[in-house]
Amino acid sequence: MKTNANRSFLAALLIATTLAAGCATNEEPQSDNSVFRDVALKEGDVLPGKDQLKQERAKIVVLETEDRLASENGRQLGEAFAIAIEKELNETASEVVDRTLSHRLSNELKLAELNGTDGYKGPQVAQYAIRGQIGSVEYTVTKSAQLMSRIFKSKDEIPARYDHKVNVEGAIRIYELPSLRLLAAFNVKGSASEDGAETGDNKATRAALLKTAVNYAISDQGHELKNFFAPRGYVVERRSNGEQSMFKVLMGQEQGAKPGDYVMIYSPRPKAGAFAAGGQTEEVLVAEGTLADNIGDTVSWVVVDDMDASGKVRLGDYAKVRYEGNSIFTKILR
């Protein structure tokens, strides 16, 4: 028997879908094989509430980077760390806001960690705070071997050359506002080098390599940051041509979705077992696909090739964009 809550959900879902369709592109999902036709969706076990249907960009403030070394790296390295984080966030369903709060929030966060305070009580302009942390910086300079040059010239004729290398390690932490509760943390590390420099004491080379190493560190682990804030939207419609299925989901350009994004569809299910009291749920991966080209402001279509998996998707399941890390080829070609 359906509860009143479930019926209210279906009504809210229908309204939300109608409104979203008005903002979407007029293009219909197409296939080279045949026309897509409507397929009825079964209702999921766990249905979202009306408030959950509203998919908005997360508002984030990036705090001042904490340099645990308190070294000569100065503010430039910390600023590079923060800017690299913001660059990754700009590719997701998030909005970086008001960096003027950074210093005050950083201080309150330190107090919260030390004393267990109740949280941030200032202006509520963001839902999350992110803080980078520099843990170690290693800078080395060695003389180049120059083996090929020694074949053709004597040792005295070869000018000295130097290889510069920087290794940076740190961490990124995500906090909930206003509680300042730690939600996620992960480590980052990156390196950069310059071979055959003319001098072994070059502050400009060192500064440039430090910045590059920080950018590589954030970029290589940026997918973890992006996945935390990845666009997601609930499934409201299915169409199929017998070989593929397309699912209409409540996320679009306004949430940061892009054509070709890799998407995973999850089905919330009641958690089984003796300890699953209090309405606990688990997220079950039921299908994977990619976003089609016809993305609207607030809706898009997920193309799923696996027909068996398509049959497991239900009304109220949600699709979430999944970001992958840099490939080994990207790292080698730097």
# chains A, B, ... in the order shown; residues from 1 in each chain; ligands from 1
>>> residues_around(residues="stretch 301-307 of chain A", least_positions_apart="5", cutoff="7 Å", atoms="only C-alpha atoms", output="list in words")
Glu243, Gln244, Ser245, Met246, Phe247, Lys248, Val249, Glu288, Gly289, Thr290, Leu291 and Ala292 of chain A
>>> closest_residue(among="A:Tyr266, A:Gly132, A:Ala204, A:Ser327", to="A:Ala309", atoms="only C-alpha atoms")
A:Tyr266
>>> closest_residue(among="A:Ala272, A:Val313, A:Ala192, A:Ala82", to="A:Ala208", atoms="only C-alpha atoms")
A:Ala192
>>> select_by_dssp(residues="stretch 172-272 of chain A", states="strand (DSSP E or B)", output="MDAnalysis selection string")
chainID A and resid 172:176 181:197 232:240 245:249 262:270
>>> write_last_selection(atoms="C-alpha atoms", output="compact mmCIF listing (two decimals), in the first residue's frame")
# COMPACT_ATOMS: atom_id res chain seq x y z
CA ILE A 172 42.71 18.85 1.55
CA ARG A 173 39.94 18.88 4.16
CA ILE A 174 36.24 19.54 3.61
CA TYR A 175 34.14 20.98 6.45
CA GLU A 176 30.43 21.47 6.92
CA ARG A 181 32.37 19.29 11.22
CA LEU A 182 35.03 17.48 9.17
CA LEU A 183 33.31 15.63 6.30
CA ALA A 184 36.21 14.36 4.20
CA ALA A 185 40.00 14.53 3.92
CA PHE A 186 42.56 13.25 1.45
CA ASN A 187 46.26 13.60 0.84
CA VAL A 188 47.88 15.19 -2.21
CA LYS A 189 51.41 15.14 -3.58
CA GLY A 190 53.10 16.46 -6.67
CA SER A 191 56.53 17.06 -8.15
CA ALA A 192 58.09 19.22 -10.83
CA SER A 193 61.60 19.47 -12.25
CA GLU A 194 63.82 21.41 -14.63
CA ASP A 195 66.86 19.74 -16.13
CA GLY A 196 70.01 21.41 -17.34
CA ALA A 197 69.59 24.85 -15.79
CA ARG A 232 23.50 14.56 -9.18
CA GLY A 233 19.82 14.36 -10.07
CA TYR A 234 16.86 12.04 -9.66
CA VAL A 235 15.56 9.76 -12.41
CA VAL A 236 12.07 10.72 -13.61
CA GLU A 237 11.64 9.09 -17.03
CA ARG A 238 12.90 6.22 -19.19
CA ARG A 239 12.91 5.76 -22.96
CA SER A 240 14.29 2.85 -24.96
CA SER A 245 17.89 3.17 -22.72
CA MET A 246 17.88 6.87 -21.95
CA PHE A 247 16.94 8.17 -18.52
CA LYS A 248 15.78 11.71 -17.92
CA VAL A 249 17.36 13.09 -14.75
CA TYR A 262 30.39 9.54 -17.12
CA VAL A 263 27.41 8.85 -14.87
CA MET A 264 26.58 6.21 -12.26
CA ILE A 265 22.97 5.51 -11.27
CA TYR A 266 22.31 4.51 -7.67
CA SER A 267 19.21 3.04 -6.08
CA PRO A 268 18.66 3.82 -2.36
CA ARG A 269 17.48 0.67 -0.61
CA PRO A 270 16.47 -0.08 3.00
>>> atom_distance(atom1="atom CA of A:Thr140", atom2="atom CA of A:Arg334")
19.0 Å
>>> decode(residues="stretch 203-312 of chain A", atoms="C-alpha atoms", output="tab-separated table (two decimals), in the first residue's frame")
chain	number	residue	atom	x	y	z
A	203	LYS	CA	65.03	31.66	-6.75
A	204	ALA	CA	62.84	32.23	-9.81
A	205	THR	CA	63.24	28.57	-10.90
A	206	ARG	CA	62.48	27.38	-7.38
A	207	ALA	CA	59.33	29.52	-7.12
A	208	ALA	CA	58.07	28.39	-10.52
A	209	LEU	CA	58.66	24.70	-9.72
A	210	LEU	CA	56.91	25.02	-6.36
A	211	LYS	CA	53.82	26.45	-8.05
A	212	THR	CA	53.86	23.76	-10.75
A	213	ALA	CA	54.26	20.98	-8.17
A	214	VAL	CA	51.27	22.32	-6.21
A	215	ASN	CA	49.16	22.45	-9.38
A	216	TYR	CA	50.09	18.85	-10.21
A	217	ALA	CA	49.34	17.73	-6.65
A	218	ILE	CA	45.83	19.19	-6.69
A	219	SER	CA	45.16	18.11	-10.27
A	220	ASP	CA	46.18	14.48	-9.67
A	221	GLN	CA	43.84	14.14	-6.70
A	222	GLY	CA	41.29	16.69	-7.86
A	223	HIS	CA	38.85	13.99	-8.94
A	224	GLU	CA	38.29	13.12	-5.26
A	225	LEU	CA	37.41	16.73	-4.53
A	226	LYS	CA	35.19	16.98	-7.60
A	227	ASN	CA	33.41	13.70	-6.85
A	228	PHE	CA	32.44	15.01	-3.42
A	229	PHE	CA	30.56	17.89	-5.10
A	230	ALA	CA	29.63	16.10	-8.35
A	231	PRO	CA	26.31	16.94	-10.06
A	232	ARG	CA	23.50	14.56	-9.18
A	233	GLY	CA	19.82	14.36	-10.07
A	234	TYR	CA	16.86	12.04	-9.66
A	235	VAL	CA	15.56	9.76	-12.41
A	236	VAL	CA	12.07	10.72	-13.61
A	237	GLU	CA	11.64	9.09	-17.03
A	238	ARG	CA	12.90	6.22	-19.19
A	239	ARG	CA	12.91	5.76	-22.96
A	240	SER	CA	14.29	2.85	-24.96
A	241	ASN	CA	14.80	1.66	-28.53
A	242	GLY	CA	15.31	-1.96	-27.55
A	243	GLU	CA	19.10	-1.72	-27.63
A	244	GLN	CA	19.73	1.30	-25.44
A	245	SER	CA	17.89	3.17	-22.72
A	246	MET	CA	17.88	6.87	-21.95
A	247	PHE	CA	16.94	8.17	-18.52
A	248	LYS	CA	15.78	11.71	-17.92
A	249	VAL	CA	17.36	13.09	-14.75
A	250	LEU	CA	16.91	16.33	-12.83
A	251	MET	CA	20.36	17.82	-13.39
A	252	GLY	CA	21.61	20.03	-16.17
A	253	GLN	CA	23.94	22.85	-17.04
A	254	GLU	CA	23.00	24.82	-13.93
A	255	GLN	CA	24.27	21.93	-11.81
A	256	GLY	CA	27.52	21.61	-13.78
A	257	ALA	CA	26.56	18.63	-15.98
A	258	LYS	CA	28.30	18.41	-19.36
A	259	PRO	CA	27.79	16.28	-22.51
A	260	GLY	CA	29.81	13.08	-22.33
A	261	ASP	CA	30.10	13.06	-18.53
A	262	TYR	CA	30.39	9.54	-17.12
A	263	VAL	CA	27.41	8.85	-14.87
A	264	MET	CA	26.58	6.21	-12.26
A	265	ILE	CA	22.97	5.51	-11.27
A	266	TYR	CA	22.31	4.51	-7.67
A	267	SER	CA	19.21	3.04	-6.08
A	268	PRO	CA	18.66	3.82	-2.36
A	269	ARG	CA	17.48	0.67	-0.61
A	270	PRO	CA	16.47	-0.08	3.00
A	271	LYS	CA	19.51	-1.47	4.78
A	272	ALA	CA	19.06	-5.13	5.67
A	273	GLY	CA	20.18	-6.79	8.89
A	274	ALA	CA	19.50	-6.73	12.58
A	275	PHE	CA	21.39	-3.48	13.13
A	276	ALA	CA	19.65	-1.49	10.39
A	277	ALA	CA	17.16	0.19	12.71
A	278	GLY	CA	15.92	3.73	12.30
A	279	GLY	CA	15.32	3.66	8.55
A	280	GLN	CA	18.94	3.30	7.48
A	281	THR	CA	19.56	2.99	3.75
A	282	GLU	CA	22.36	1.84	1.46
A	283	GLU	CA	23.24	3.05	-2.02
A	284	VAL	CA	23.22	0.26	-4.63
A	285	LEU	CA	24.92	0.89	-7.99
A	286	VAL	CA	22.45	-0.32	-10.65
A	287	ALA	CA	23.63	1.19	-13.97
A	288	GLU	CA	26.33	3.26	-15.66
A	289	GLY	CA	26.18	5.52	-18.70
A	290	THR	CA	27.09	8.87	-20.24
A	291	LEU	CA	25.25	12.16	-20.64
A	292	ALA	CA	23.80	12.82	-24.09
A	293	ASP	CA	24.45	16.06	-25.98
A	294	ASN	CA	21.00	17.53	-25.47
A	295	ILE	CA	21.47	18.96	-21.95
A	296	GLY	CA	19.02	21.54	-20.69
A	297	ASP	CA	19.37	24.02	-17.87
A	298	THR	CA	18.06	21.64	-15.23
A	299	VAL	CA	17.54	18.28	-16.97
A	300	SER	CA	19.62	15.87	-19.03
A	301	TRP	CA	19.51	12.35	-20.51
A	302	VAL	CA	21.73	9.47	-19.41
A	303	VAL	CA	22.47	6.93	-22.14
A	304	VAL	CA	22.78	3.35	-20.82
A	305	ASP	CA	23.86	0.58	-23.21
A	306	ASP	CA	23.31	-2.33	-20.82
A	307	MET	CA	19.64	-3.30	-21.11
A	308	ASP	CA	19.80	-5.64	-18.10
A	309	ALA	CA	21.11	-2.81	-15.94
A	310	SER	CA	18.49	-0.43	-17.38
A	311	GLY	CA	15.75	-2.72	-16.10
A	312	LYS	CA	17.00	-2.25	-12.53
